[in-house]
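Chemist: Right, I'll just put the structure down here and ask away after.
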Amino acid sequence: MAALLLAGVLAAILGFAAHRASICTVRAVAEVMSSGTGYILLGIGKSVLWVSVITIPVFLLMPSASAALGGWPLTGTAVLGGLAFGVGAAINGACAYSTMARLADGEGGMLVAAAAFALGVLCFLLLVDWRLIDRPAPTPALVGSLLVWSLVIAAAVLVPWGIYETARLWRTRPAGLALHALVLAPQS
């Protein structure tokens, strides 16, 4: 129960942060192509690092959590599905997270994207049921075997970076605002 509660809290924090930061790969690619800068892409990279700072200690403290993880093999069907998903995201102008965030913000047009995604899942299930494509088989994620390297990387890179980034964010905050006002400040 405690693990489920922790996962729920971390998921809520991740969703809030993703919405506030407008983390979207589609926007990142558009920024690189239109302006030649990579600030959004750098922000996504920082997000990955922050997630690593949280998950590596969890997996180290609870090795059984990483043993239960599974992954999916990189197959032609997976690549084709990823390509179709990417084309849909480009047409939509938003990735999955941004689509849901924009829908929650009242953009009704994003409902079409969610319905198209559901239709795509239904088509995939029909193709599997008709045996036109093979049902994907999960494979071990092998996270447990990488924990030693993760610990080395975390000690050498992620912990110092996390301390630096936390200090940088704190030093550059607007003066005179309480912590809750900073978290809920309007997006710039």
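Letters A, B, ... mark the chains of the structure tokens in the order given; residue numbers begin at 1 per chain; ligand numbers begin at 1, in order shown.
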Can you pull out every residue within 12 Å of Val148 (chain A), counting only C-alpha atoms, but drop anything in the same chain fewer than 5 positions away, and send it as an MDAnalysis selection string?
Modeler: chainID A and resid 56:57 59:60 63 142:143 153:155
Chemist: Can you spit out the residues from that selection as a PDB file, in the first residue's frame, using N, CA and C atoms?
Modeler:
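And here's part25.pdb as it stands now:
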ATOM      1  N   ILE A  56      16.646   5.822  -9.245  1.00  0.00           N
ATOM      2  CA  ILE A  56      17.819   5.000  -8.925  1.00  0.00           C
ATOM      3  C   ILE A  56      17.846   4.644  -7.442  1.00  0.00           C
ATOM      4  N   PRO A  57      17.667   5.623  -6.523  1.00  0.00           N
ATOM      5  CA  PRO A  57      17.634   5.235  -5.103  1.00  0.00           C
ATOM      6  C   PRO A  57      16.480   4.290  -4.770  1.00  0.00           C
ATOM      7  N   PHE A  59      15.156   1.965  -6.738  1.00  0.00           N
ATOM      8  CA  PHE A  59      15.545   0.632  -7.179  1.00  0.00           C
ATOM      9  C   PHE A  59      16.665   0.050  -6.317  1.00  0.00           C
ATOM     10  N   LEU A  60      17.547   0.906  -5.815  1.00  0.00           N
ATOM     11  CA  LEU A  60      18.613   0.416  -4.943  1.00  0.00           C
ATOM     12  C   LEU A  60      18.066  -0.013  -3.583  1.00  0.00           C
ATOM     13  N   PRO A  63      15.237  -3.614  -4.445  1.00  0.00           N
ATOM     14  CA  PRO A  63      15.635  -4.350  -5.659  1.00  0.00           C
ATOM     15  C   PRO A  63      14.508  -5.169  -6.267  1.00  0.00           C
ATOM     16  N   LEU A 142      15.953  -5.776 -17.546  1.00  0.00           N
ATOM     17  CA  LEU A 142      17.347  -5.856 -17.123  1.00  0.00           C
ATOM     18  C   LEU A 142      17.802  -4.645 -16.310  1.00  0.00           C
ATOM     19  N   VAL A 143      16.852  -3.975 -15.661  1.00  0.00           N
ATOM     20  CA  VAL A 143      17.200  -2.819 -14.844  1.00  0.00           C
ATOM     21  C   VAL A 143      18.094  -3.240 -13.687  1.00  0.00           C
ATOM     22  N   ILE A 153      27.114   6.209 -11.864  1.00  0.00           N
ATOM     23  CA  ILE A 153      26.712   7.424 -12.582  1.00  0.00           C
ATOM     24  C   ILE A 153      26.020   8.395 -11.639  1.00  0.00           C
ATOM     25  N   ALA A 154      25.150   7.891 -10.779  1.00  0.00           N
ATOM     26  CA  ALA A 154      24.443   8.765  -9.839  1.00  0.00           C
ATOM     27  C   ALA A 154      25.423   9.459  -8.899  1.00  0.00           C
ATOM     28  N   ALA A 155      26.386   8.709  -8.377  1.00  0.00           N
ATOM     29  CA  ALA A 155      27.350   9.294  -7.441  1.00  0.00           C
ATOM     30  C   ALA A 155      28.247  10.316  -8.135  1.00  0.00           C
TER      31      ALA A 155
END
Chemist: With a cut-off of 8 Å, could you pull out the residues of region 32-85 of chain A touching region 124-139 of chain A and give me the nearest pair of atoms for each, distance in Å to one decimal, using only C-alpha atoms, ordered by chain and ascending number, as CSV?
Modeler:
residue,atom,partner,partner_atom,distance
A:Gly70,CA,A:Thr139,CA,5.7
A:Gly71,CA,A:Thr139,CA,5.2
A:Trp72,CA,A:Pro138,CA,5.0
A:Pro73,CA,A:Thr139,CA,6.6
A:Thr77,CA,A:Ile133,CA,7.9
Chemist: Taking the backbone alone, and naming residues the way the document does, which bits of region 9-174 of chain A are strand (DSSP E or B) by DSSP, as a list in words?
Modeler: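 Answer for region 9-174 of chain A, restricted to strand (DSSP E or B): Gly70, Gly71, Thr139 and Pro140 of chain A.
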Chemist: Next, the residues of the selection above should be written as a CSV table (one decimal), in the first residue's frame with C-alpha atoms.
Modeler:
chain,number,residue,atom,x,y,z
A,70,GLY,CA,9.3,-5.7,-18.2
A,71,GLY,CA,10.1,-4.2,-21.5
A,139,THR,CA,11.1,-9.2,-22.3
A,140,PRO,CA,13.0,-8.5,-19.1
Chemist: Between CA of Leu41 (chain A) and CA of Leu111 (chain A), what is the distance in Å, rounded to a tenth?
Modeler: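 Straight-line distance from CA of Leu41 (chain A) to CA of Leu111 (chain A) works out to 26.1 Å.
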Chemist: What's the 9 Å shell around Thr99 (chain A), counting only C-alpha atoms, without same-chain residues fewer than 4 positions away, as a ChimeraX atom specification?
Modeler: /A:89,92-95,103-104,107,110-111,113-114
Chemist: Using the chain letters and numbers from this document, which residues of chain A does DSSP assign to helix (DSSP H, G or I), as a ChimeraX atom specification?
Modeler: /A:2-21,25-35,39-61,63-67,76-92,96-104,110-129,144-171,179-183
Chemist: Distance table requested - region 97-167 of chain A against region 10-34 of chain A, cut-off 10 Å, only C-alpha atoms: one row per qualifying residue with the closest atom pair and its distance in Å to one decimal, ordered by chain and rising residue number, as JSON lines.
Modeler:
{"residue": "A:Tyr97", "atom": "CA", "partner": "A:Cys24", "partner_atom": "CA", "distance": 7.1}
{"residue": "A:Ser98", "atom": "CA", "partner": "A:Cys24", "partner_atom": "CA", "distance": 6.3}
{"residue": "A:Thr99", "atom": "CA", "partner": "A:Cys24", "partner_atom": "CA", "distance": 9.4}
{"residue": "A:Met100", "atom": "CA", "partner": "A:His19", "partner_atom": "CA", "distance": 9.3}
{"residue": "A:Ala101", "atom": "CA", "partner": "A:His19", "partner_atom": "CA", "distance": 6.2}
{"residue": "A:Arg102", "atom": "CA", "partner": "A:His19", "partner_atom": "CA", "distance": 9.0}
Chemist: Generate a file of the selected residues that holds C-alpha atoms, formatted as an mmCIF file, in the first residue's frame.
Modeler:
data_model
loop_
_atom_site.group_PDB
_atom_site.id
_atom_site.type_symbol
_atom_site.label_atom_id
_atom_site.label_comp_id
_atom_site.auth_asym_id
_atom_site.auth_seq_id
_atom_site.Cartn_x
_atom_site.Cartn_y
_atom_site.Cartn_z
ATOM 1 C CA TYR A 97 1.211 14.463 -22.484
ATOM 2 C CA SER A 98 0.550 17.819 -24.123
ATOM 3 C CA THR A 99 -2.559 16.467 -25.810
ATOM 4 C CA MET A 100 -4.022 15.420 -22.450
ATOM 5 C CA ALA A 101 -2.902 18.682 -20.805
ATOM 6 C CA ARG A 102 -4.481 20.742 -23.593
#
